[in-house]
Amino acid sequence: MVLAGIDAFSARLQARMAELPTTMRRIAIYFDHNRAEVMSRSANELAHAARTSDATIIRTAKALGYSGLPQLKRTLADLMTETSPAEGFSQTAKASNADARRAAVQILALQKRQIDELDSDAQLENLMAVATKLHAARRIVLFGIGPTAHIVGYLSHLLARHGRETALLDTAGSALADQLLGLRQGDTVLAFSYGRTYPEVEAVMNEAAVVGVPIILVTDKASARKARNMEMVVEVPRGEARGMALHGSTMVWGETLVVALSLMDAPAATASLNRLSRLRKTLASN
């Protein structure tokens, strides 16, 4: 909820700021200006970034009226899903003091941190598990709406080039019903969904259950705990530039998945790419 141009978290900070000691006041401001980092990092990591102790991080969260850092994180995650695009942009501008260069530095640093999170043994194992399940599918059906629709469209394009049969579920509202008619046994749905569960997500889950089609959900940490009836849930961090959604890490994860899938059936990928080259030459000669 937005209160007088600021959200409930900022309003809470303003109401309690005068009561806080100087160090806690500085940490509270850090929380407000670095929400994505607060949501994704441990108390120890936040302490290192904010040049304080992990005990101070936890005490500041409690001084703001939360039971601890986990509750503060959940509050920020809920606010992220409620933020409109205009509000998100306004928050990003505020965090950078409306300075384009400073915003660029902040966003590049955030994108790098998100991509670094993907570079772990656990994330690699999850990605390979997804690739293995999709490799066994007769057809890969990609779901994403809103800005994510462009991402799944791009990934579908790459997969088709590399010899995979694909289909898209990328429309909102009643138009999605027509696309869902095409679901059939042998499909596996790779669904990208961040934030709150939209009616379209529920519709895909319900129809997949009726047809007997497994779903692999790609989402963020805040939404993963709400997932149900999924073959597999993979947490891929989505950057938040103080409110603006950033999809760089999702793109990197998706492109890496395409490479893995292509190498699982290299002959088919090579044959498809050779065919693409032949078709291009034919068109270029006309």
# chains A, B, ... in the order shown; residues from 1 in each chain; ligands from 1

$ select_by_dssp --residues "range 109-157 of chain A" --states "helix (DSSP H, G or I)" --output "mmCIF file with C-alpha atoms, in the first residue's frame"
data_model
loop_
_atom_site.group_PDB
_atom_site.id
_atom_site.type_symbol
_atom_site.label_atom_id
_atom_site.label_comp_id
_atom_site.auth_asym_id
_atom_site.auth_seq_id
_atom_site.Cartn_x
_atom_site.Cartn_y
_atom_site.Cartn_z
ATOM 1 C CA ALA A 109 26.164 -3.899 -9.563
ATOM 2 C CA LEU A 110 22.783 -5.454 -8.775
ATOM 3 C CA GLN A 111 22.710 -7.409 -12.036
ATOM 4 C CA LYS A 112 26.206 -8.723 -11.341
ATOM 5 C CA ARG A 113 25.200 -9.876 -7.855
ATOM 6 C CA GLN A 114 22.128 -11.633 -9.230
ATOM 7 C CA ILE A 115 24.163 -13.426 -11.904
ATOM 8 C CA ASP A 116 26.801 -14.349 -9.317
ATOM 9 C CA GLU A 117 24.017 -16.085 -7.367
ATOM 10 C CA LEU A 118 23.441 -18.328 -10.388
ATOM 11 C CA ASP A 121 26.873 -25.823 -7.529
ATOM 12 C CA ALA A 122 23.279 -25.884 -6.274
ATOM 13 C CA GLN A 123 22.031 -23.626 -9.057
ATOM 14 C CA LEU A 124 23.932 -25.631 -11.670
ATOM 15 C CA GLU A 125 22.412 -28.888 -10.384
ATOM 16 C CA ASN A 126 18.933 -27.341 -10.557
ATOM 17 C CA LEU A 127 19.496 -26.079 -14.089
ATOM 18 C CA MET A 128 20.734 -29.492 -15.249
ATOM 19 C CA ALA A 129 17.750 -31.173 -13.589
ATOM 20 C CA VAL A 130 15.434 -28.847 -15.533
ATOM 21 C CA ALA A 131 17.326 -29.561 -18.762
ATOM 22 C CA THR A 132 17.017 -33.314 -18.179
ATOM 23 C CA LYS A 133 13.253 -33.109 -17.651
ATOM 24 C CA LEU A 134 12.752 -30.882 -20.717
ATOM 25 C CA HIS A 135 14.994 -33.123 -22.832
ATOM 26 C CA PRO A 147 7.257 -8.452 -19.740
ATOM 27 C CA THR A 148 8.100 -12.124 -19.244
ATOM 28 C CA ALA A 149 6.194 -12.968 -22.429
ATOM 29 C CA HIS A 150 9.032 -11.393 -24.417
ATOM 30 C CA ILE A 151 11.572 -13.558 -22.591
ATOM 31 C CA VAL A 152 9.721 -16.828 -23.253
ATOM 32 C CA GLY A 153 9.226 -15.786 -26.870
ATOM 33 C CA TYR A 154 12.959 -15.301 -27.257
ATOM 34 C CA LEU A 155 13.765 -18.617 -25.570
ATOM 35 C CA SER A 156 11.220 -20.392 -27.768
ATOM 36 C CA HIS A 157 12.935 -18.889 -30.808
#

$ residues_around --residues "range 63-76 of chain A" --least-positions-apart "2" --cutoff "8 Å" --atoms "only C-alpha atoms" --output "PDB file with N, CA, C and O atoms, in the first residue's frame"
ATOM      1  N   PHE A   9       6.601   0.614   4.105  1.00  0.00           N
ATOM      2  CA  PHE A   9       7.904   0.416   4.730  1.00  0.00           C
ATOM      3  C   PHE A   9       8.609   1.750   4.968  1.00  0.00           C
ATOM      4  O   PHE A   9       9.127   2.010   6.055  1.00  0.00           O
ATOM      5  N   ARG A  12       6.975   3.553   7.784  1.00  0.00           N
ATOM      6  CA  ARG A  12       7.379   3.016   9.087  1.00  0.00           C
ATOM      7  C   ARG A  12       8.738   3.569   9.500  1.00  0.00           C
ATOM      8  O   ARG A  12       8.954   3.948  10.653  1.00  0.00           O
ATOM      9  N   LEU A  13       9.664   3.632   8.541  1.00  0.00           N
ATOM     10  CA  LEU A  13      10.991   4.163   8.831  1.00  0.00           C
ATOM     11  C   LEU A  13      10.909   5.613   9.277  1.00  0.00           C
ATOM     12  O   LEU A  13      11.537   6.016  10.259  1.00  0.00           O
ATOM     13  N   ARG A  16       9.699   5.987  12.858  1.00  0.00           N
ATOM     14  CA  ARG A  16      10.553   5.493  13.938  1.00  0.00           C
ATOM     15  C   ARG A  16      11.972   6.036  13.899  1.00  0.00           C
ATOM     16  O   ARG A  16      12.759   5.772  14.805  1.00  0.00           O
ATOM     17  N   LEU A  20      15.695   6.025  16.788  1.00  0.00           N
ATOM     18  CA  LEU A  20      16.814   5.107  16.595  1.00  0.00           C
ATOM     19  C   LEU A  20      18.151   5.764  16.920  1.00  0.00           C
ATOM     20  O   LEU A  20      18.350   6.944  16.638  1.00  0.00           O
ATOM     21  N   ARG A  35      16.688  -2.533  -1.063  1.00  0.00           N
ATOM     22  CA  ARG A  35      15.686  -3.539  -0.710  1.00  0.00           C
ATOM     23  C   ARG A  35      15.970  -4.907  -1.335  1.00  0.00           C
ATOM     24  O   ARG A  35      15.761  -5.931  -0.691  1.00  0.00           O
ATOM     25  N   VAL A  38      18.618  -6.599   0.656  1.00  0.00           N
ATOM     26  CA  VAL A  38      18.109  -7.017   1.959  1.00  0.00           C
ATOM     27  C   VAL A  38      17.296  -8.303   1.824  1.00  0.00           C
ATOM     28  O   VAL A  38      17.403  -9.219   2.646  1.00  0.00           O
ATOM     29  N   MET A  39      16.505  -8.402   0.755  1.00  0.00           N
ATOM     30  CA  MET A  39      15.671  -9.580   0.547  1.00  0.00           C
ATOM     31  C   MET A  39      16.495 -10.830   0.254  1.00  0.00           C
ATOM     32  O   MET A  39      16.096 -11.937   0.599  1.00  0.00           O
ATOM     33  N   ALA A  43      22.077 -11.966   7.201  1.00  0.00           N
ATOM     34  CA  ALA A  43      22.453 -10.887   8.114  1.00  0.00           C
ATOM     35  C   ALA A  43      23.950 -10.624   8.046  1.00  0.00           C
ATOM     36  O   ALA A  43      24.393  -9.468   8.076  1.00  0.00           O
ATOM     37  N   ILE A  57      22.401  -5.481  12.436  1.00  0.00           N
ATOM     38  CA  ILE A  57      21.398  -5.684  11.386  1.00  0.00           C
ATOM     39  C   ILE A  57      20.113  -6.226  11.995  1.00  0.00           C
ATOM     40  O   ILE A  57      19.007  -5.719  11.734  1.00  0.00           O
ATOM     41  N   ILE A  58      20.244  -7.241  12.839  1.00  0.00           N
ATOM     42  CA  ILE A  58      19.067  -7.876  13.446  1.00  0.00           C
ATOM     43  C   ILE A  58      18.389  -6.928  14.438  1.00  0.00           C
ATOM     44  O   ILE A  58      17.158  -6.813  14.473  1.00  0.00           O
ATOM     45  N   ARG A  59      19.200  -6.217  15.240  1.00  0.00           N
ATOM     46  CA  ARG A  59      18.619  -5.281  16.215  1.00  0.00           C
ATOM     47  C   ARG A  59      17.867  -4.156  15.507  1.00  0.00           C
ATOM     48  O   ARG A  59      16.817  -3.716  15.982  1.00  0.00           O
ATOM     49  N   THR A  60      18.384  -3.703  14.375  1.00  0.00           N
ATOM     50  CA  THR A  60      17.703  -2.630  13.640  1.00  0.00           C
ATOM     51  C   THR A  60      16.361  -3.116  13.112  1.00  0.00           C
ATOM     52  O   THR A  60      15.356  -2.392  13.176  1.00  0.00           O
ATOM     53  N   ALA A  61      16.332  -4.347  12.579  1.00  0.00           N
ATOM     54  CA  ALA A  61      15.055  -4.903  12.107  1.00  0.00           C
ATOM     55  C   ALA A  61      14.040  -4.946  13.241  1.00  0.00           C
ATOM     56  O   ALA A  61      12.862  -4.584  13.063  1.00  0.00           O
ATOM     57  N   ASP A  78       6.572  -8.693  -0.178  1.00  0.00           N
ATOM     58  CA  ASP A  78       5.159  -8.415  -0.449  1.00  0.00           C
ATOM     59  C   ASP A  78       4.986  -7.044  -1.091  1.00  0.00           C
ATOM     60  O   ASP A  78       4.174  -6.869  -2.006  1.00  0.00           O
ATOM     61  N   LEU A  79       5.754  -6.056  -0.621  1.00  0.00           N
ATOM     62  CA  LEU A  79       5.653  -4.714  -1.198  1.00  0.00           C
ATOM     63  C   LEU A  79       6.131  -4.691  -2.645  1.00  0.00           C
ATOM     64  O   LEU A  79       5.585  -3.963  -3.476  1.00  0.00           O
ATOM     65  N   MET A  80       7.153  -5.511  -2.953  1.00  0.00           N
ATOM     66  CA  MET A  80       7.652  -5.563  -4.322  1.00  0.00           C
ATOM     67  C   MET A  80       6.554  -6.007  -5.280  1.00  0.00           C
ATOM     68  O   MET A  80       6.431  -5.498  -6.388  1.00  0.00           O
ATOM     69  N   ALA A 222      10.760 -15.345  -2.905  1.00  0.00           N
ATOM     70  CA  ALA A 222       9.543 -14.958  -2.186  1.00  0.00           C
ATOM     71  C   ALA A 222       8.333 -15.737  -2.679  1.00  0.00           C
ATOM     72  O   ALA A 222       7.440 -16.070  -1.905  1.00  0.00           O
TER      73      ALA A 222
END

$ select_by_dssp --residues "range 38-240 of chain A" --states "strand (DSSP E)" --output "list of chain:residue names"
A:Arg139, A:Ile140, A:Val141, A:Leu142, A:Phe143, A:Thr166, A:Ala167, A:Leu168, A:Leu169, A:Asp187, A:Thr188, A:Val189, A:Leu190, A:Ala191, A:Phe192, A:Ile215, A:Ile216, A:Leu217, A:Val218, A:Thr219, A:Met232, A:Val233, A:Val234, A:Glu235, A:Gly239, A:Glu240

$ residues_around --residues "Ala177 in chain A" --least-positions-apart "4" --cutoff "12 Å" --atoms "only C-alpha atoms" --output "list in words"
Leu169, Asp170, Thr171, Ala172, Gly173, Leu181, Gly182, Leu183, Pro199, Glu200, Val201, Ala203, Val204, Asn206 and Glu207 of chain A

$ write_last_selection --atoms "N, CA and C atoms" --output "short mmCIF file (atom, residue, chain, number, x, y, z; two decimals), in the first residue's frame"
data_model
loop_
_atom_site.label_atom_id
_atom_site.label_comp_id
_atom_site.auth_asym_id
_atom_site.auth_seq_id
_atom_site.Cartn_x
_atom_site.Cartn_y
_atom_site.Cartn_z
N LEU A 169 2.64 -20.12 -24.29
CA LEU A 169 1.49 -19.64 -23.53
C LEU A 169 1.89 -18.25 -23.05
N ASP A 170 1.56 -17.23 -23.83
CA ASP A 170 2.10 -15.90 -23.55
C ASP A 170 1.07 -14.79 -23.62
N THR A 171 -0.21 -15.14 -23.54
CA THR A 171 -1.25 -14.12 -23.58
C THR A 171 -2.00 -14.09 -22.25
N ALA A 172 -2.57 -12.95 -21.94
CA ALA A 172 -3.32 -12.78 -20.70
C ALA A 172 -4.82 -12.79 -21.00
N GLY A 173 -5.60 -13.02 -19.96
CA GLY A 173 -7.04 -12.98 -20.11
C GLY A 173 -7.59 -14.15 -20.90
N LEU A 181 -5.81 -24.75 -25.21
CA LEU A 181 -6.42 -25.85 -25.95
C LEU A 181 -5.36 -26.75 -26.59
N GLY A 182 -4.19 -26.18 -26.86
CA GLY A 182 -3.14 -26.93 -27.53
C GLY A 182 -2.33 -27.83 -26.62
N LEU A 183 -2.51 -27.73 -25.30
CA LEU A 183 -1.75 -28.58 -24.37
C LEU A 183 -2.08 -30.04 -24.62
N PRO A 199 -4.32 -14.95 -12.11
CA PRO A 199 -5.31 -15.94 -12.57
C PRO A 199 -4.79 -16.80 -13.71
N GLU A 200 -3.96 -16.22 -14.58
CA GLU A 200 -3.42 -16.99 -15.70
C GLU A 200 -2.54 -18.14 -15.21
N VAL A 201 -1.78 -17.90 -14.14
CA VAL A 201 -0.94 -18.96 -13.59
C VAL A 201 -1.82 -20.09 -13.06
N ALA A 203 -4.80 -20.82 -14.06
CA ALA A 203 -5.43 -21.49 -15.20
C ALA A 203 -4.49 -22.50 -15.85
N VAL A 204 -3.22 -22.12 -15.99
CA VAL A 204 -2.23 -23.03 -16.57
C VAL A 204 -2.05 -24.25 -15.67
N ASN A 206 -4.14 -25.53 -13.50
CA ASN A 206 -5.35 -26.37 -13.48
C ASN A 206 -5.47 -27.18 -14.77
N GLU A 207 -5.25 -26.54 -15.92
CA GLU A 207 -5.39 -27.25 -17.19
C GLU A 207 -4.28 -28.29 -17.36
#

$ closest_atom_pairs --of "range 38-144 of chain A" --to "range 184-187 of chain A" --cutoff "12 Å" --atoms "only C-alpha atoms" --output "tab-separated table"
residue	atom	partner	partner_atom	distance
A:Lys133	CA	A:Asp187	CA	10.6
A:Leu134	CA	A:Asp187	CA	8.8
A:His135	CA	A:Asp187	CA	10.7
A:Ala136	CA	A:Gly186	CA	8.8
A:Ala137	CA	A:Asp187	CA	5.7
A:Arg138	CA	A:Gly186	CA	5.2
A:Arg139	CA	A:Asp187	CA	4.8
A:Ile140	CA	A:Asp187	CA	5.9
A:Val141	CA	A:Asp187	CA	6.6
A:Leu142	CA	A:Asp187	CA	10.1
